[in-house]
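Student: This is the structure, below, for whatever I ask next.
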Amino acid sequence: MSLEILEWDFMIRALVAGALVGMAAPAVGIFIVQRRLSLMGDGIGHVAFAGVAAGLLFDVSPILLALVFAMAGAITIELLRGRSKTESDIALALVFYGGIAGGVLLLGLGNVSTINLNSYLFGSVLTVSTADLWIVASVATFVVLTSFGLRKHLFAVAYDEEVARVSGLPVGALNILVALLAAFAIAATAKVVGILLVASMLVLPVAAAQQLTRSFRATTYASIGFGVGTSIVGLVVAFYADLFPAATIVLLSILAFAVSSLISRTRLVG
Amino acid sequence: MIDPPILEMDNVSVFLGRQQVLWDVDFRLHQGEFVVLLGANASGKTTLVKTLLGLIERSSGRVKLFGRELESFQRWERIGYVPQRMSAASGVPATVEEVVISGRASRVGLFGRYGASDRAAVSRTLELVDLVEVKAEPVSHLSGGQQQRVLIARALVGEPDLLVLDEPVASVDLAHQKSFAETIKILLKAHTSILMVAHSLGAVQPLVERAVVLERGRVIHDGAPVDLKFDHAHHPEMGQSA
């Protein structure tokens with residue numbers, strides 16, 4: 001029974017895609033959580049929805065257009081964030097709602113199938129094609145290599161923007177880079193967990209890991225472990241229990257967070 | 001002959017929104033000097049420091065760092081900055097060593113790694129601020145005073161020529177204020193220039209040769225250190241210190 005899952009090509013592709021996004025999303029998500037901007041992923045996801053709608057309307061790869069829209073949204077959010085707090089708060093809300101409203105408007109212009117749309121809204125990891133897998137693999141590799149390669153600079157900026165600026169680091173460019181990496185991760189993740197849950201892959205593995213770790217380095221590796229682990233276990237559980245894969249992966253991540261928190265509290269009491 | 005100042009502010013005015021916060025401020029700091037910037041809350045101390053470092057835009061006047069106009073200044077590794085923070089903890093756990101070494105991130109090239117000289121600088125700095133024993137601890141587990149010293153260590157690890165500290169001992173007890181004063185003494189011996197924002201002189205008083213006092217965005221005293229007592233309307237009353 002245990003190998004039955006590997007007899008299906010679509011499941012092998014799903015497991016590989018799940019592992020790849022489970023690795024890439026927390027690799028960049030850790031810098032977003034560090035800056036206490038956990039909802040940024042949701043904002044980019046909303047804009048990516050407009051990209052998916054445009055892709056379905058014009059019959060162009062929805063993942064590709066989601067990536068283009070997500071990148072534009074990420075840069076807009078980062079530029080607006082540089083403004084005063086109240087202004088950027090309202091401006092961010094405009095980007096969020098603008099993304100959803102733009103997507104709905106585009107969908108209304110064409111005869112888009114609900115099934116197709118649902119697969120991007122709620123994820124459709126079991127329909128990942130070989131071509132999709134190549135895109136996901138390329139994007140995930142780029143995100144992981146860049147996040148690790150620039151980790152020292154990204155940590156310094158995420159830890160304290162003002163001090164990083166005074167030390168001569170190009171803070172604006174590095175912040176935009178993190179937003180772009182998040183956009184890449186979101187576009188890659190959309191097919192796996194869907195745009196509505198996409199930000200969870202950036203945040204939940206980090207949230208679970210940091211309950212158990214003491215250093216940034218350990219949190220990075222543990223987050224990736226949680227990301228890959230929950231993706232694979234979620235897919236396996238969904239396969240055998242006939243559950244919706246995206247929801248299973250996200251709920252499993254929340255369960256991992258709850259268990260980690262419990263272990264952390266037990267340690268403190270002990 | 002006196003060396004040219006390493007910090008210069010000429011006739012600087014700053015607005016935050018529509019409110020003017022600094023009014024025609026002139027200020028100089030020379031190599032090896034230890035200057036304390038004093039004043040009541042909202043007197044403009046932090047704004048002055050942030051304007052000097054280019055973190056806040058000025059509406060008029062001129063700022064020079066190490067003889068160069070602020071806008072064309074590139075040698076930021078010569079400056080160490082300790083901002084005013086209540087805590088050094090962040091969204092994700094980080095150890096003392098990780099935070100301190102991040103003070104040298106701008107010296108590492110893109111996709112580069114920290115080298116032996118970076119690690120040696122961290123060891124020296126941790127020893128200087130007495131944090132060696134907790135170097136592997138998460139910053140959030142430390143006391144307020146220790147967290148403050150982590151931020152000081154991060155500024156010092158780049159071995160700057162100028163150290164700018166914004167209320168570095170605000171949450172530090174008397175024992176650690178004395179140890180902070182010892183650190184300042186060592187830095188002054190090494191000819192590090194120091195600009196420190198403070199509410200009062202505290203344990204560093206014997207080391208201070210010059211104090212600049214701000215009131216409502218204007219420099220009202222620049223010279224020998226003074227004892228400040230703020231009345232309820234935040235007007236300082238000055239008296240020559242002992």
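We label chains A, B, ... in the order they appear in the structure tokens, count residues from 1 in each chain, and number ligands from 1 in the order shown.
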Name the residues in contact with region 168-182 of chain B at a cut-off of 10 Å, using only C-alpha atoms, excluding same-chain residues fewer than 3 positions from it; report them as a VMD selection string.
Tutor: chain B and resid 82 to 87 128 to 130 143 to 149 151 to 152 164 to 165 185 to 188 196 to 200 202 to 207
Student: Could you write out as an NGL selection string the residues of chain A within 10 Å of chain B, counting only C-alpha atoms?
Tutor: :A and (30-37 or 145-160 or 162-170 or 206-207 or 209-220)
Student: Output the selection as a PDB file, in the first residue's frame - C-alpha atoms for each residue.
Tutor:
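File written: again.pdb
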```
ATOM      1  CA  ILE A  30      11.656  33.942   6.726  1.00  0.00           C
ATOM      2  CA  PHE A  31      12.740  37.465   5.715  1.00  0.00           C
ATOM      3  CA  ILE A  32       9.105  38.556   5.449  1.00  0.00           C
ATOM      4  CA  VAL A  33       8.285  37.162   8.898  1.00  0.00           C
ATOM      5  CA  GLN A  34      11.481  38.750  10.269  1.00  0.00           C
ATOM      6  CA  ARG A  35      10.217  42.139   9.071  1.00  0.00           C
ATOM      7  CA  ARG A  36       6.782  41.402  10.592  1.00  0.00           C
ATOM      8  CA  LEU A  37       5.138  41.726   7.174  1.00  0.00           C
ATOM      9  CA  LEU A 145      19.852  30.131  -4.369  1.00  0.00           C
ATOM     10  CA  THR A 146      19.245  33.888  -4.212  1.00  0.00           C
ATOM     11  CA  SER A 147      17.831  33.780  -0.670  1.00  0.00           C
ATOM     12  CA  PHE A 148      20.804  31.763   0.576  1.00  0.00           C
ATOM     13  CA  GLY A 149      23.417  33.656  -1.420  1.00  0.00           C
ATOM     14  CA  LEU A 150      22.287  37.037  -0.134  1.00  0.00           C
ATOM     15  CA  ARG A 151      21.308  35.814   3.329  1.00  0.00           C
ATOM     16  CA  LYS A 152      23.796  38.051   5.173  1.00  0.00           C
ATOM     17  CA  HIS A 153      22.580  41.213   3.472  1.00  0.00           C
ATOM     18  CA  LEU A 154      18.905  40.269   3.615  1.00  0.00           C
ATOM     19  CA  PHE A 155      19.192  39.435   7.331  1.00  0.00           C
ATOM     20  CA  ALA A 156      20.880  42.763   8.114  1.00  0.00           C
ATOM     21  CA  VAL A 157      18.111  44.681   6.303  1.00  0.00           C
ATOM     22  CA  ALA A 158      15.264  42.604   7.732  1.00  0.00           C
ATOM     23  CA  TYR A 159      16.684  42.936  11.257  1.00  0.00           C
ATOM     24  CA  ASP A 160      17.111  46.722  11.221  1.00  0.00           C
ATOM     25  CA  GLU A 162      17.823  52.044   9.559  1.00  0.00           C
ATOM     26  CA  VAL A 163      21.143  50.590  10.675  1.00  0.00           C
ATOM     27  CA  ALA A 164      21.513  48.693   7.393  1.00  0.00           C
ATOM     28  CA  ARG A 165      20.975  51.966   5.508  1.00  0.00           C
ATOM     29  CA  VAL A 166      23.603  53.767   7.599  1.00  0.00           C
ATOM     30  CA  SER A 167      26.046  50.885   7.066  1.00  0.00           C
ATOM     31  CA  GLY A 168      25.823  51.515   3.313  1.00  0.00           C
ATOM     32  CA  LEU A 169      23.688  48.541   2.250  1.00  0.00           C
ATOM     33  CA  PRO A 170      21.313  49.220  -0.691  1.00  0.00           C
ATOM     34  CA  VAL A 206       8.579  29.730   9.620  1.00  0.00           C
ATOM     35  CA  ALA A 207       6.018  30.237  12.390  1.00  0.00           C
ATOM     36  CA  ALA A 209      10.034  26.417  13.154  1.00  0.00           C
ATOM     37  CA  GLN A 210      10.695  29.494  15.275  1.00  0.00           C
ATOM     38  CA  GLN A 211       8.860  27.915  18.227  1.00  0.00           C
ATOM     39  CA  LEU A 212      11.670  25.364  18.481  1.00  0.00           C
ATOM     40  CA  THR A 213      14.810  27.188  17.358  1.00  0.00           C
ATOM     41  CA  ARG A 214      17.243  29.667  18.916  1.00  0.00           C
ATOM     42  CA  SER A 215      19.105  31.037  15.911  1.00  0.00           C
ATOM     43  CA  PHE A 216      18.245  32.501  12.519  1.00  0.00           C
ATOM     44  CA  ARG A 217      20.322  29.832  10.807  1.00  0.00           C
ATOM     45  CA  ALA A 218      18.501  26.982  12.565  1.00  0.00           C
ATOM     46  CA  THR A 219      15.140  28.641  11.868  1.00  0.00           C
ATOM     47  CA  THR A 220      15.974  28.824   8.159  1.00  0.00           C
TER      48      THR A 220
END
```
Student: Using backbone DSSP assignments, extract all helix (DSSP H, G or I) residues from region 9-240 of chain A; output them as a PyMOL selection string.
Tutor: chain A and resi 9-34+40-58+62-81+85-109+114-121+125-127+130-149+151-159+161-166+171-193+198-209+216-240
Student: For Glu57 (chain B), work out the shell of residues within 10 Å, counting only C-alpha atoms and skipping chain neighbours fewer than 5 positions away, then give it as a ChimeraX atom specification.
Tutor: /B:13-16,47,50-52
